[in-house]
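K.L.:
Handing you this structure, nothing more for now.
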Amino acid sequence: MESKRQEKISRLIQRDMGEIFTLESRNLFNSSMITVTKVNVSPDLSIAKVYLSLFATSDKDALLTSIKEHTKLLRGQLGQRIHLQLRVIPALHFYLDDSLDYIEKIDNLLKD
């Protein structure tokens, strides 16, 4: 169970990372649409697990690898935005959120 502080930081990171991906997707990620669906922050606020939904791309694994390669840049931009709220900017770990694919698969199975 997350504390109020963890929830507040998670929402802050989710909002700001969403804006960063909106601005940087044209330059770094070939205009792919990247949505931050969920962020979990560790109790000591040192690690943030960022779950992403990836659209407008044929190879999601390659895009996720590219995002992981740019983690340092993305963390730096996040730090510029939230440095007044946090003393230490958490390390970012990116994961693919495939819940929408799972929902679509279940929906297709129910239709058949």
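Each chain of the structure tokens is named A, B, ... in the order shown, its residues numbered from 1; ligands are numbered from 1 in display order.
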Taking the DSSP secondary structure from the backbone, can you list the residues of chain A that are strand (DSSP E or B), as a PyMOL selection string?
P.N.:
chain A and resi 33-41+47-55+91-96
K.L.:
Could you write out the selected residues, including C-alpha atoms, as a compact mmCIF listing (two decimals), in the first residue's frame?
P.N.:
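Contents of the output file selection.txt:
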```txt
# COMPACT_ATOMS: atom_id res chain seq x y z
CA MET A 33 2.63 8.16 -29.50
CA ILE A 34 3.79 7.32 -25.98
CA THR A 35 1.38 7.42 -23.04
CA VAL A 36 2.38 7.09 -19.40
CA THR A 37 -0.33 4.85 -17.95
CA LYS A 38 0.98 4.33 -14.43
CA VAL A 39 3.91 5.21 -12.17
CA ASN A 40 4.89 3.32 -9.01
CA VAL A 41 7.39 4.93 -6.66
CA ILE A 47 13.04 4.40 -7.92
CA ALA A 48 10.08 5.12 -10.19
CA LYS A 49 8.62 2.33 -12.32
CA VAL A 50 7.04 3.99 -15.33
CA TYR A 51 4.52 1.95 -17.35
CA LEU A 52 4.07 3.03 -20.97
CA SER A 53 1.52 2.37 -23.70
CA LEU A 54 3.07 2.66 -27.15
CA PHE A 55 1.06 3.54 -30.25
CA ALA A 91 15.84 6.55 -11.07
CA LEU A 92 13.47 5.74 -13.92
CA HIS A 93 12.69 2.17 -14.95
CA PHE A 94 10.48 1.83 -18.02
CA TYR A 95 8.07 -1.06 -18.61
CA LEU A 96 5.63 -1.85 -21.39
```
K.L.:
I need the residues in region 41-102 of chain A that are alpha helix (DSSP H) according to DSSP; give them as a list in words.
P.N.:
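Put together, the selection reads Lys60, Asp61, Ala62, Leu63, Leu64, Thr65, Ser66, Ile67, Lys68, Glu69, Thr71, Lys72, Leu73, Leu74, Arg75, Gly76, Gln77, Leu78, Gly79, Gln80, Arg81, Ile82, Ser99, Leu100, Asp101 and Tyr102 of chain A.
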K.L.:
If we count only C-alpha atoms and set the cut-off at 12 Å, which residues sit around Pro90 (chain A), ignoring sequence neighbours fewer than 2 positions away in its own chain? Please answer as a ChimeraX atom specification.
P.N.:
/A:6,9-10,13,39-50,71-72,74-76,78-79,82-83,85-88,92-93
K.L.:
Nearest residue to Ile20 (chain A) out of A:Ala56, A:Leu73, A:Leu84, A:Leu63, using only C-alpha atoms?
P.N.:
A:Leu73
K.L.:
Find, counting only C-alpha atoms, the residue in A:Thr57, A:Lys68, A:Ala62, A:Gln77 that gets nearest to Glu24 (chain A).
P.N.:
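Between A:Thr57, A:Lys68, A:Ala62, A:Gln77, the residue approaching Glu24 (chain A) most closely is A:Gln77.
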K.L.:
By how many Å are CA of Leu109 (chain A) and CA of Lys60 (chain A) apart?
P.N.:
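CA of Leu109 (chain A) sits 22.8 Å away from CA of Lys60 (chain A).
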K.L.:
Could you work out how far CA of Met17 (chain A) lies from CA of Arg81 (chain A), giving the answer in Å with one decimal?
P.N.:
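Rounded to one decimal, the two atoms are 9.6 Å apart.
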K.L.:
Could you check how far CA of Glu69 (chain A) sits from CA of Tyr102 (chain A), in Å to one decimal?
P.N.:
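Atom-to-atom, CA of Glu69 (chain A) to CA of Tyr102 (chain A), that is 26.5 Å.
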